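> Contents of target25.cif (mmCIF, C-alpha atoms and all ligand atoms) are given next:
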data_input
loop_
_atom_site.label_atom_id
_atom_site.label_comp_id
_atom_site.auth_asym_id
_atom_site.auth_seq_id
_atom_site.Cartn_x
_atom_site.Cartn_y
_atom_site.Cartn_z
CA MET U 1 14.87 12.33 -8.91
CA ARG U 2 11.41 13.11 -7.57
CA LEU U 3 9.67 9.85 -6.94
CA VAL U 4 6.27 8.99 -5.49
CA LEU U 5 6.02 5.51 -4.01
CA LEU U 6 2.50 4.05 -4.11
CA GLY U 7 1.19 0.83 -2.65
CA ALA U 8 -1.12 -0.58 0.00
CA PRO U 9 -0.20 -0.79 3.68
CA GLY U 10 2.24 -3.70 3.93
CA SER U 11 3.37 -3.45 0.32
CA GLY U 12 6.92 -2.66 1.42
CA LYS U 13 6.97 1.04 0.57
CA GLY U 14 8.84 2.06 3.71
CA THR U 15 11.51 -0.63 3.36
CA GLN U 16 12.13 0.08 -0.30
CA ALA U 17 12.12 3.83 0.31
CA THR U 18 14.99 3.43 2.76
CA ARG U 19 17.05 1.60 0.15
CA LEU U 20 16.12 4.04 -2.58
CA ARG U 21 17.27 6.91 -0.36
CA GLU U 22 20.75 5.38 -0.17
CA HIS U 23 20.83 4.69 -3.88
CA LEU U 24 19.42 8.00 -5.13
CA GLN U 25 20.88 10.20 -2.37
CA VAL U 26 17.65 12.08 -1.82
CA PRO U 27 15.58 12.24 1.38
CA HIS U 28 12.82 9.74 2.16
CA ILE U 29 9.75 11.70 3.17
CA SER U 30 7.05 9.56 4.80
CA THR U 31 3.89 11.35 5.92
CA GLY U 32 3.24 8.43 8.29
CA ASP U 33 6.66 9.05 9.90
CA LEU U 34 6.04 12.81 10.05
CA LEU U 35 2.71 12.17 11.76
CA ARG U 36 4.17 9.59 14.19
CA ALA U 37 6.89 12.13 15.09
CA ALA U 38 4.20 14.72 15.84
CA VAL U 39 2.35 12.17 17.99
CA ALA U 40 5.56 11.29 19.86
CA ALA U 41 6.35 14.98 20.39
CA GLY U 42 2.88 15.45 21.86
CA THR U 43 2.14 18.56 19.79
CA GLU U 44 -1.44 19.80 19.43
CA LEU U 45 -1.46 18.46 15.89
CA GLY U 46 -0.01 15.16 17.05
CA MET U 47 -2.70 14.73 19.66
CA GLN U 48 -5.39 15.29 17.02
CA ALA U 49 -3.72 12.88 14.62
CA LYS U 50 -3.19 10.13 17.20
CA VAL U 51 -6.83 9.10 17.54
CA VAL U 52 -7.45 9.21 13.80
CA MET U 53 -4.38 7.11 13.03
CA ALA U 54 -5.17 4.49 15.66
CA SER U 55 -8.54 3.90 13.98
CA GLY U 56 -6.94 3.48 10.56
CA ASN U 57 -8.59 6.56 9.06
CA LEU U 58 -6.83 9.32 7.17
CA VAL U 59 -5.69 12.42 9.01
CA SER U 60 -7.22 15.58 7.52
CA ASP U 61 -5.81 16.70 4.19
CA ASP U 62 -5.00 20.20 5.50
CA ILE U 63 -2.89 18.94 8.38
CA VAL U 64 -0.90 16.51 6.27
CA LEU U 65 -0.39 19.01 3.43
CA GLY U 66 0.92 21.61 5.88
CA MET U 67 3.44 19.15 7.32
CA LEU U 68 4.49 18.00 3.89
CA GLU U 69 4.99 21.50 2.52
CA GLU U 70 7.17 22.41 5.48
CA ARG U 71 9.26 19.28 4.90
CA LEU U 72 9.61 19.77 1.14
CA LEU U 73 10.84 23.31 1.65
CA ARG U 74 13.84 22.11 3.66
CA SER U 75 16.99 22.43 1.57
CA ASP U 76 17.84 18.71 1.56
CA ALA U 77 14.82 18.19 -0.71
CA ASP U 78 16.16 20.61 -3.34
CA ASN U 79 17.65 17.82 -5.42
CA GLY U 80 14.69 15.49 -5.16
CA PHE U 81 12.87 13.22 -2.73
CA ILE U 82 11.11 9.91 -2.29
CA LEU U 83 7.56 10.47 -1.16
CA ASP U 84 6.01 7.59 0.82
CA GLY U 85 2.40 7.61 2.05
CA TYR U 86 1.36 10.68 0.10
CA PRO U 87 -0.83 11.29 -1.88
CA ARG U 88 -3.46 9.02 -0.34
CA ASN U 89 -6.56 10.35 -2.09
CA LEU U 90 -7.34 12.39 -5.19
CA ALA U 91 -7.59 15.67 -3.30
CA GLN U 92 -4.03 15.09 -2.01
CA ALA U 93 -2.84 14.18 -5.51
CA ASN U 94 -4.17 17.47 -6.85
CA ALA U 95 -2.78 19.44 -3.90
CA LEU U 96 0.63 17.85 -4.38
CA GLU U 97 0.65 18.66 -8.07
CA LYS U 98 -0.08 22.33 -7.29
CA LEU U 99 2.51 22.48 -4.53
CA LEU U 100 5.23 20.92 -6.67
CA GLU U 101 4.38 23.23 -9.56
CA LYS U 102 4.79 26.17 -7.20
CA ILE U 103 8.25 25.02 -6.08
CA LYS U 104 9.14 23.89 -9.63
CA GLN U 105 9.77 20.28 -8.62
CA PRO U 106 7.28 18.15 -10.58
CA VAL U 107 7.06 14.40 -9.99
CA ASP U 108 9.32 12.39 -12.33
CA VAL U 109 7.82 9.00 -11.69
CA ALA U 110 5.21 7.25 -9.54
CA VAL U 111 6.03 3.65 -8.63
CA GLN U 112 3.14 1.36 -7.72
CA LEU U 113 4.21 -1.68 -5.66
CA ASP U 114 1.79 -4.51 -6.43
CA VAL U 115 1.12 -7.03 -3.65
CA ASN U 116 -2.05 -9.14 -3.27
CA THR U 117 -4.31 -8.66 -0.25
CA ASP U 118 -3.62 -12.03 1.42
CA LEU U 119 0.09 -11.31 1.53
CA LEU U 120 -0.52 -7.73 2.76
CA VAL U 121 -2.52 -9.03 5.71
CA GLU U 122 0.14 -11.64 6.48
CA ARG U 123 2.96 -9.10 6.37
CA ILE U 124 1.21 -6.56 8.57
CA ALA U 125 0.36 -9.26 11.11
CA GLY U 126 4.08 -10.13 11.26
CA ARG U 127 5.05 -6.48 11.61
CA ALA U 128 2.44 -5.94 14.35
CA LYS U 129 4.24 -8.49 16.50
CA ALA U 130 7.67 -7.01 15.80
CA GLU U 131 6.94 -3.30 16.08
CA GLY U 132 3.75 -2.94 18.13
CA ARG U 133 2.34 -0.08 16.10
CA ALA U 134 -0.96 1.18 17.53
CA ASP U 135 -2.67 0.91 14.14
CA ASP U 136 -1.57 -2.67 13.43
CA THR U 137 -4.46 -4.27 15.33
CA PRO U 138 -6.49 -6.61 13.06
CA GLU U 139 -9.44 -4.23 13.07
CA ALA U 140 -7.40 -1.13 12.20
CA VAL U 141 -5.50 -3.06 9.52
CA ARG U 142 -8.71 -4.20 7.86
CA HIS U 143 -9.95 -0.64 7.94
CA ARG U 144 -6.69 0.72 6.49
CA LEU U 145 -6.95 -1.73 3.62
CA ASN U 146 -10.55 -0.59 2.95
CA VAL U 147 -9.48 3.03 3.05
CA TYR U 148 -6.70 2.17 0.64
CA ASN U 149 -9.03 0.45 -1.82
CA GLU U 150 -11.63 3.21 -1.70
CA GLN U 151 -9.50 6.35 -1.51
CA THR U 152 -5.92 5.60 -2.46
CA ALA U 153 -6.35 3.18 -5.37
CA PRO U 154 -7.74 6.01 -7.58
CA VAL U 155 -4.42 7.84 -7.12
CA VAL U 156 -2.81 5.13 -9.26
CA ASP U 157 -5.09 6.12 -12.14
CA PHE U 158 -4.21 9.78 -11.54
CA TYR U 159 -0.53 9.07 -12.24
CA ARG U 160 -1.35 6.67 -15.05
CA ASN U 161 -3.31 9.47 -16.73
CA HIS U 162 -0.32 11.77 -16.25
CA GLY U 163 1.89 9.20 -17.98
CA SER U 164 4.24 8.95 -15.00
CA LEU U 165 3.17 5.56 -13.57
CA VAL U 166 5.25 2.40 -13.48
CA HIS U 167 4.10 -0.87 -11.89
CA VAL U 168 6.48 -3.10 -9.98
CA ASP U 169 5.76 -6.60 -8.69
CA GLY U 170 6.21 -6.27 -4.92
CA ILE U 171 6.48 -10.00 -4.23
CA GLY U 172 9.98 -11.41 -3.77
CA THR U 173 13.04 -10.72 -1.70
CA LEU U 174 13.95 -7.15 -0.76
CA ASP U 175 16.76 -7.24 -3.33
CA GLU U 176 14.53 -8.56 -6.08
CA VAL U 177 11.92 -5.87 -5.54
CA PHE U 178 14.58 -3.17 -5.22
CA ASN U 179 16.22 -4.21 -8.49
CA ARG U 180 12.84 -4.19 -10.22
CA ILE U 181 12.22 -0.65 -9.03
CA ILE U 182 15.62 0.51 -10.26
CA ALA U 183 14.99 -1.11 -13.64
CA ALA U 184 11.52 0.41 -13.86
CA ILE U 185 12.67 3.97 -13.12
CA SER U 186 15.90 3.85 -15.11
CA HIS U 187 14.27 5.36 -18.19
CA THR U 188 13.10 8.44 -16.23
CA HIS U 189 16.45 9.67 -15.00
CA ASP U 190 20.07 8.79 -14.59
CA VAL U 191 19.83 6.70 -11.44
CA GLY U 192 23.37 5.33 -11.51
P1 LIG B 1 0.68 2.29 6.17
O1 LIG B 1 1.08 2.56 4.75
O2 LIG B 1 1.21 0.98 6.68
O3 LIG B 1 -0.78 2.45 6.42
P2 LIG B 1 1.73 4.89 7.04
O4 LIG B 1 2.84 5.09 7.98
O5 LIG B 1 1.91 5.36 5.64
O6 LIG B 1 1.41 3.34 7.10
O7 LIG B 1 0.41 5.60 7.61
C1 LIG B 1 -0.09 5.36 8.90
C2 LIG B 1 -1.30 6.26 9.19
O8 LIG B 1 -0.90 7.64 9.15
C3 LIG B 1 -2.44 6.17 8.18
O9 LIG B 1 -3.33 5.11 8.42
C4 LIG B 1 -3.11 7.54 8.36
O10 LIG B 1 -3.91 7.58 9.51
C5 LIG B 1 -1.91 8.45 8.58
N1 LIG B 1 -1.42 9.03 7.31
C6 LIG B 1 -0.20 8.80 6.73
N2 LIG B 1 -0.07 9.47 5.57
C7 LIG B 1 -1.24 10.15 5.42
C8 LIG B 1 -1.78 11.01 4.42
N3 LIG B 1 -1.07 11.31 3.31
N4 LIG B 1 -3.01 11.53 4.60
C9 LIG B 1 -3.74 11.24 5.67
N5 LIG B 1 -3.33 10.43 6.65
C10 LIG B 1 -2.10 9.88 6.54
#
Produce structure tokens that represent the structure in this file.


Amino acid sequence: MRLVLLGAPGSGKGTQATRLREHLQVPHISTGDLLRAAVAAGTELGMQAKVVMASGNLVSDDIVLGMLEERLLRSDADNGFILDGYPRNLAQANALEKLLEKIKQPVDVAVQLDVNTDLLVERIAGRAKAEGRADDTPEAVRHRLNVYNEQTAPVVDFYRNHGSLVHVDGIGTLDEVFNRIIAAISHTHDVG
């Protein structure tokens, strides 16, 4: 199962991806996590990314694509993956399509988690207190939501046009949302 998880910041992508990883037995690949690891490791790339991330902007397409390609080529991704946080704009969607064609692992399904803006803001505010992420300040959050609406929302249409999009209502308990995702993707593959 090769699944792309789409949704605004705060939509619950990361949480659901963790559960899907257990269920589908494929790695959860989050470009946000890959970037935060590079920041924590203090690599050259991480130091460049740090400032950009703290402002709520997107890190350059080249940097993220390079990290992603390296990750996808690891053998644990041979049987599939859950992609979280990528693609985030149309250029990334096209780059991903090319990359996956090259490694003969096309996307099976893109899952869009729908959550309204008020609830997104509320959830991220709660998370900011709990986790202290540098980009969870009110200003950076507002900016990330704008970036999402302007650059990432068109990616939903990209997958709709490819016929691989399913929508899932992201409001409810973790179990409810998880079960909706499983139901929505069950036609694409044997997901157990
Ligand atoms: P969220 O979905 O809550 O915004 P992420 O962990 O997915 O959190 O992303 C955090 C930050 O990492 C983004 O605001 C951006 O700066 C950077 N980032 C993550 N994925 C990408 C990507 N695919 N392209 C560019 N920047 C990215």

> If we count all atoms listed in the file and set the cut-off at 9 Å, which residues sit around range 52-56 of chain U, ignoring sequence neighbours fewer than 5 positions away in its own chain? Please answer as a list in words.

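Here the answer would be Leu35, Arg36, Arg133, Ala134, Asp135, Asp136, Thr137, Glu139, Ala140, Val141, Arg142, His143, Arg144, Leu145 and Val147 of chain U.
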
> At a cut-off of 9 Å and counting all atoms listed in the file, what residues surround ligand LIG 1 (chain B)? Please answer as a PyMOL selection string.

chain U and resi 7-14+30-36+49-65+68+84-89+92+124+135-136+140-141+143-145+147-148

> Which of these residues is nearest to Ile82 in chain U, using all atoms listed in the file: U:Glu44, U:Asp108, U:Asp118, U:Glu176?

U:Asp108

> Looking at U:Phe81, U:Leu99, U:Gly42, U:Leu6, which one is nearest to Glu69 in chain U, with distances taken over only C-alpha atoms?

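Checking each candidate against Glu69 in chain U, we get U:Leu99 as the closest.
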
> If the box runs along x, y and z of the file and leaves 3 Å on each side of range 136-153 of chain U, what are its centre and edge lengths in Å, one decimal, as AutoDock Vina command-line options?


--center_x -6.6 --center_y -0.1 --center_z 5.0 --size_x 16.1 --size_y 19.0 --size_z 26.7

> CA of Asn146 in chain U and CA of Ala17 in chain U, how far apart in Å?

23.2 Å

> Can you list every residue of range 45-128 of chain U that has an atom at most 10 Å from range 162-169 of chain U, with its nearest atom pair and the distance in Å to one decimal, using all atoms listed in the file, ordered by chain then number, as a tab-separated table?


residue	atom	partner	partner_atom	distance
U:Val107	CA	U:Ser164	CA	7.9
U:Asp108	CA	U:Ser164	CA	6.7
U:Val109	CA	U:Ser164	CA	4.9
U:Ala110	CA	U:Leu165	CA	4.8
U:Val111	CA	U:Val166	CA	5.1
U:Gln112	CA	U:His167	CA	4.8
U:Leu113	CA	U:Val168	CA	5.1
U:Asp114	CA	U:Asp169	CA	5.0
U:Val115	CA	U:Asp169	CA	6.9
U:Asn116	CA	U:Asp169	CA	9.8

> Pick from U:Leu73, U:Gly80, U:Arg127, U:Leu90: nearest to Thr152 in chain U, with all atoms listed in the file counted?

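Comparing U:Leu73, U:Gly80, U:Arg127, U:Leu90 against Thr152 in chain U, the winner is U:Leu90.
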
> Counting only C-alpha atoms, which residue out of U:Ile103, U:Gln151, U:Glu97, U:Val156 sits closest to Glu70 in chain U?

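Of U:Ile103, U:Gln151, U:Glu97, U:Val156, the one nearest Glu70 in chain U is U:Ile103, counting only C-alpha atoms.
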
> Could you check which of U:Glu131, U:Leu119, U:Tyr159, U:Thr18 is closest to Leu96 in chain U, using all atoms listed in the file?

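Closest to Leu96 in chain U, using all atoms listed in the file: U:Tyr159.
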
> What does the structure give for the distance between CA of Ala40 in chain U and CA of Ala91 in chain U, in Å to one decimal?

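Separating CA of Ala40 in chain U from CA of Ala91 in chain U is a distance of 27.0 Å.
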
> To one decimal place, how far is CA of His28 in chain U from CA of Ala77 in chain U in Å?

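Going from CA of His28 in chain U over to CA of Ala77 in chain U, I get 9.1 Å.
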